[in-house]
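This report refers to the structure that appears directly beneath it.
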Amino acid sequence: MGQYFQSFKLLAVLTLGYGLFYFANNLSTEFLYLTPGAHLVHLPSGIKILMTLIAGPIGALAIFIVSNVWGVLIPFPGQFGLVFLLSIGSAGVPWLVCKICAEKFRLHGDLSNLTIRALVSISLSYAILNSLVTQSILYLGGESPDLWGGIGVMVLGDLTGILLIVSLARLLAPSIKARASRLDHDQG
C-alpha cells in the first residue's frame with residue numbers, strides 16, 4: 001500500500017508542478033505561438049522529456065492530465081475528442097521516445113551518463129515524432145491549415161525547449177546531488 005501512496009504522491013506533485021509551469025509558460029509566451037500547437041521556443045517540451053526519463057509512466061500520466069485540462073480550458077474549449085487525442089500524443093510521444101532511448105543508451109535514472117549524442121538523439125526523435133503527431137491531429141481536425149509549416153515551427157520549438165531545459169538540469173544535477181549528500185551527512 002505504501003508504494004501506491006508514493007506513486008500517487010509523485011503523480012500529484014508532477015501534475016501540479018508541471019501544470020503550473022505549463023500554464024505560466026504558455027500564457028507568458030503567447031507571442032511565440034506561431035501556429036496552432038506550436039511555439040517558437042517551447043520549454044514544456046524539455047520538462048516532458050525530463051519527467052518521462054525520470055518518472056516514466058507516472059510522468060506521462062501527469063502530462064496527459066495537464067494536457068487535457070489546458071486543452072479544454074484554453075485553446076479548444078468544448079472539443080473533448082480533439083483534446084483527448086492531443087493529450088494522448090502529448091503524453092505518449094515523450095514516454096515512447098524516452099523508453100526507447102533510455103534503453104538504447106543505457107541511461108541511469110539520475111541521467112548522470114547522458115551524453116551529447118544521447119541528448120541529441122532524444123531531442124530530435126521527440127521533436128520530429130511529437131510534431132508529426134500533434135500537427136497531424138490538428139490538421140485532420142481542421143484546426144491548422146498548414147500541416148508542413150506547423151511541423152517545421154513545432155520541431156524548432158521542441159528542440160530549443162528540450163536542449164535548454166535538459167542542459168540546465170544536467171548542469172544543476174551535480175550541485176543538487178552534493179547539497180543532498182551534505183544534508184544526509186549533517187543529519188547522520
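Residue numbering restarts at 1 in every chain; chains get A, B, ... in the order shown in the C-alpha cells, and ligands count up from 1 in that same order.
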Residues within 8 Å of region 92-104 of chain A, only C-alpha atoms, excluding chain neighbours under 3 positions, as a ChimeraX atom specification: /A:48-49,52-53,56-57,60,88-89,107-108,118,121-122,125-126,129-130
What separation in Å, quoted to one decimal, exists between CA of Leu50 (chain A) and CA of Ile128 (chain A)?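 Atom-to-atom, CA of Leu50 (chain A) and CA of Ile128 (chain A) are spaced 17.3 Å apart.
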Find the residue from A:Leu85, A:Phe31, A:Ile162, A:Phe23 that sits nearest to Leu73 (chain A); use only C-alpha atoms when measuring. A:Phe23
Which residues in region 13-56 of chain A does DSSP call helix (DSSP H, G or I)? List them as a PDB file with N, CA and C atoms, in the first residue's frame.
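Once everything was written out, this is part_24.pdb:
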ATOM      1  N   VAL A  13       2.378  15.571  -7.290  1.00  0.00           N
ATOM      2  CA  VAL A  13       3.426  16.597  -7.330  1.00  0.00           C
ATOM      3  C   VAL A  13       3.789  16.939  -8.771  1.00  0.00           C
ATOM      4  N   LEU A  14       3.976  15.912  -9.606  1.00  0.00           N
ATOM      5  CA  LEU A  14       4.332  16.151 -11.003  1.00  0.00           C
ATOM      6  C   LEU A  14       3.209  16.872 -11.754  1.00  0.00           C
ATOM      7  N   THR A  15       1.973  16.463 -11.515  1.00  0.00           N
ATOM      8  CA  THR A  15       0.839  17.098 -12.189  1.00  0.00           C
ATOM      9  C   THR A  15       0.719  18.560 -11.782  1.00  0.00           C
ATOM     10  N   LEU A  16       0.807  18.832 -10.507  1.00  0.00           N
ATOM     11  CA  LEU A  16       0.706  20.210 -10.029  1.00  0.00           C
ATOM     12  C   LEU A  16       1.892  21.043 -10.529  1.00  0.00           C
ATOM     13  N   GLY A  17       3.093  20.522 -10.360  1.00  0.00           N
ATOM     14  CA  GLY A  17       4.285  21.262 -10.783  1.00  0.00           C
ATOM     15  C   GLY A  17       4.319  21.509 -12.278  1.00  0.00           C
ATOM     16  N   TYR A  18       4.075  20.459 -13.041  1.00  0.00           N
ATOM     17  CA  TYR A  18       4.084  20.612 -14.495  1.00  0.00           C
ATOM     18  C   TYR A  18       2.935  21.502 -14.947  1.00  0.00           C
ATOM     19  N   GLY A  19       1.783  21.328 -14.327  1.00  0.00           N
ATOM     20  CA  GLY A  19       0.622  22.151 -14.678  1.00  0.00           C
ATOM     21  C   GLY A  19       0.888  23.634 -14.458  1.00  0.00           C
ATOM     22  N   LEU A  20       1.454  23.978 -13.309  1.00  0.00           N
ATOM     23  CA  LEU A  20       1.763  25.380 -13.031  1.00  0.00           C
ATOM     24  C   LEU A  20       2.789  25.915 -14.029  1.00  0.00           C
ATOM     25  N   PHE A  21       3.833  25.136 -14.291  1.00  0.00           N
ATOM     26  CA  PHE A  21       4.857  25.550 -15.250  1.00  0.00           C
ATOM     27  C   PHE A  21       4.256  25.702 -16.642  1.00  0.00           C
ATOM     28  N   TYR A  22       3.471  24.713 -17.065  1.00  0.00           N
ATOM     29  CA  TYR A  22       2.892  24.698 -18.405  1.00  0.00           C
ATOM     30  C   TYR A  22       1.962  25.895 -18.628  1.00  0.00           C
ATOM     31  N   PHE A  23       1.066  26.116 -17.669  1.00  0.00           N
ATOM     32  CA  PHE A  23       0.122  27.229 -17.795  1.00  0.00           C
ATOM     33  C   PHE A  23       0.874  28.560 -17.793  1.00  0.00           C
ATOM     34  N   ALA A  24       1.819  28.744 -16.848  1.00  0.00           N
ATOM     35  CA  ALA A  24       2.573  30.000 -16.767  1.00  0.00           C
ATOM     36  C   ALA A  24       3.389  30.225 -18.038  1.00  0.00           C
ATOM     37  N   ASN A  25       4.051  29.186 -18.514  1.00  0.00           N
ATOM     38  CA  ASN A  25       4.869  29.315 -19.722  1.00  0.00           C
ATOM     39  C   ASN A  25       4.006  29.664 -20.928  1.00  0.00           C
ATOM     40  N   ASN A  26       2.941  28.932 -21.134  1.00  0.00           N
ATOM     41  CA  ASN A  26       2.112  29.165 -22.320  1.00  0.00           C
ATOM     42  C   ASN A  26       1.412  30.517 -22.287  1.00  0.00           C
ATOM     43  N   LEU A  27       0.997  30.951 -21.119  1.00  0.00           N
ATOM     44  CA  LEU A  27       0.329  32.247 -21.032  1.00  0.00           C
ATOM     45  C   LEU A  27       1.323  33.404 -21.176  1.00  0.00           C
ATOM     46  N   SER A  28       2.549  33.208 -20.697  1.00  0.00           N
ATOM     47  CA  SER A  28       3.535  34.293 -20.770  1.00  0.00           C
ATOM     48  C   SER A  28       4.310  34.324 -22.091  1.00  0.00           C
ATOM     49  N   GLU A  30       2.809  33.684 -25.140  1.00  0.00           N
ATOM     50  CA  GLU A  30       1.800  33.642 -26.199  1.00  0.00           C
ATOM     51  C   GLU A  30       2.308  34.275 -27.496  1.00  0.00           C
ATOM     52  N   PHE A  31       3.190  35.262 -27.383  1.00  0.00           N
ATOM     53  CA  PHE A  31       3.739  35.923 -28.572  1.00  0.00           C
ATOM     54  C   PHE A  31       4.638  34.987 -29.390  1.00  0.00           C
ATOM     55  N   LEU A  32       5.085  33.875 -28.807  1.00  0.00           N
ATOM     56  CA  LEU A  32       5.890  32.884 -29.523  1.00  0.00           C
ATOM     57  C   LEU A  32       5.036  31.790 -30.156  1.00  0.00           C
ATOM     58  N   LEU A  43       9.515  25.507 -23.830  1.00  0.00           N
ATOM     59  CA  LEU A  43      10.191  24.940 -22.671  1.00  0.00           C
ATOM     60  C   LEU A  43       9.484  23.720 -22.081  1.00  0.00           C
ATOM     61  N   PRO A  44       8.138  23.638 -22.094  1.00  0.00           N
ATOM     62  CA  PRO A  44       7.496  22.440 -21.563  1.00  0.00           C
ATOM     63  C   PRO A  44       7.948  21.137 -22.241  1.00  0.00           C
ATOM     64  N   SER A  45       8.420  21.217 -23.476  1.00  0.00           N
ATOM     65  CA  SER A  45       8.926  20.005 -24.133  1.00  0.00           C
ATOM     66  C   SER A  45      10.116  19.437 -23.370  1.00  0.00           C
ATOM     67  N   GLY A  46      10.973  20.310 -22.871  1.00  0.00           N
ATOM     68  CA  GLY A  46      12.112  19.849 -22.072  1.00  0.00           C
ATOM     69  C   GLY A  46      11.665  19.238 -20.759  1.00  0.00           C
ATOM     70  N   ILE A  47      10.666  19.847 -20.137  1.00  0.00           N
ATOM     71  CA  ILE A  47      10.132  19.302 -18.881  1.00  0.00           C
ATOM     72  C   ILE A  47       9.497  17.941 -19.133  1.00  0.00           C
ATOM     73  N   LYS A  48       8.769  17.792 -20.236  1.00  0.00           N
ATOM     74  CA  LYS A  48       8.156  16.493 -20.574  1.00  0.00           C
ATOM     75  C   LYS A  48       9.222  15.406 -20.689  1.00  0.00           C
ATOM     76  N   ILE A  49      10.313  15.728 -21.374  1.00  0.00           N
ATOM     77  CA  ILE A  49      11.382  14.743 -21.543  1.00  0.00           C
ATOM     78  C   ILE A  49      11.980  14.378 -20.195  1.00  0.00           C
ATOM     79  N   LEU A  50      12.280  15.360 -19.366  1.00  0.00           N
ATOM     80  CA  LEU A  50      12.830  15.069 -18.034  1.00  0.00           C
ATOM     81  C   LEU A  50      11.864  14.229 -17.198  1.00  0.00           C
ATOM     82  N   MET A  51      10.592  14.618 -17.201  1.00  0.00           N
ATOM     83  CA  MET A  51       9.600  13.892 -16.398  1.00  0.00           C
ATOM     84  C   MET A  51       9.482  12.439 -16.822  1.00  0.00           C
ATOM     85  N   THR A  52       9.488  12.190 -18.126  1.00  0.00           N
ATOM     86  CA  THR A  52       9.316  10.814 -18.581  1.00  0.00           C
ATOM     87  C   THR A  52      10.617  10.026 -18.482  1.00  0.00           C
ATOM     88  N   LEU A  53      11.763  10.687 -18.610  1.00  0.00           N
ATOM     89  CA  LEU A  53      13.034   9.981 -18.407  1.00  0.00           C
ATOM     90  C   LEU A  53      13.177   9.543 -16.958  1.00  0.00           C
ATOM     91  N   ILE A  54      12.785  10.406 -16.042  1.00  0.00           N
ATOM     92  CA  ILE A  54      12.991  10.134 -14.624  1.00  0.00           C
ATOM     93  C   ILE A  54      11.817   9.377 -14.000  1.00  0.00           C
ATOM     94  N   ALA A  55      10.580   9.756 -14.320  1.00  0.00           N
ATOM     95  CA  ALA A  55       9.407   9.167 -13.658  1.00  0.00           C
ATOM     96  C   ALA A  55       8.632   8.178 -14.525  1.00  0.00           C
TER      97      ALA A  55
END
With distances taken over only C-alpha atoms, which of A:Leu132, A:Leu114, A:Val41, A:Val120 is nearest to Ser90 (chain A)? A:Leu132
Can you pull out the residues contacting Gly157 (chain A)? Cut-off 12 Å, using only C-alpha atoms, and skip same-chain residues under 2 positions away; I want them as an NGL selection string. :A and (29 or 32-35 or 37-46 or 123-124 or 126-128 or 130-131 or 150-155 or 159-164)
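Closest to Pro75 (chain A) among A:Leu11, A:Leu171, A:Leu138, A:Ala178 is A:Leu138, based on only C-alpha atoms.
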When DSSP works through the backbone of this structure, what residues of region 17-180 of chain A end up as strand (DSSP E), shown as an MDAnalysis selection string? chainID A and resid 33:35 38:39
Could you check which of A:Leu86, A:Arg106, A:Phe80, A:Leu61 is closest to Gln135 (chain A), using only C-alpha atoms?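 When distances to Gln135 (chain A) are compared using only C-alpha atoms, the smallest one comes from A:Leu86.
Separating CA of Ser167 (chain A) from CA of Arg179 (chain A) is a distance of 19.3 Å.
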Of the residues A:Leu147, A:Val166, A:Val66, A:Leu172, which is the one nearest to Ala91 (chain A), using only C-alpha atoms?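 Closest to Ala91 (chain A) of all the choices is A:Val66.
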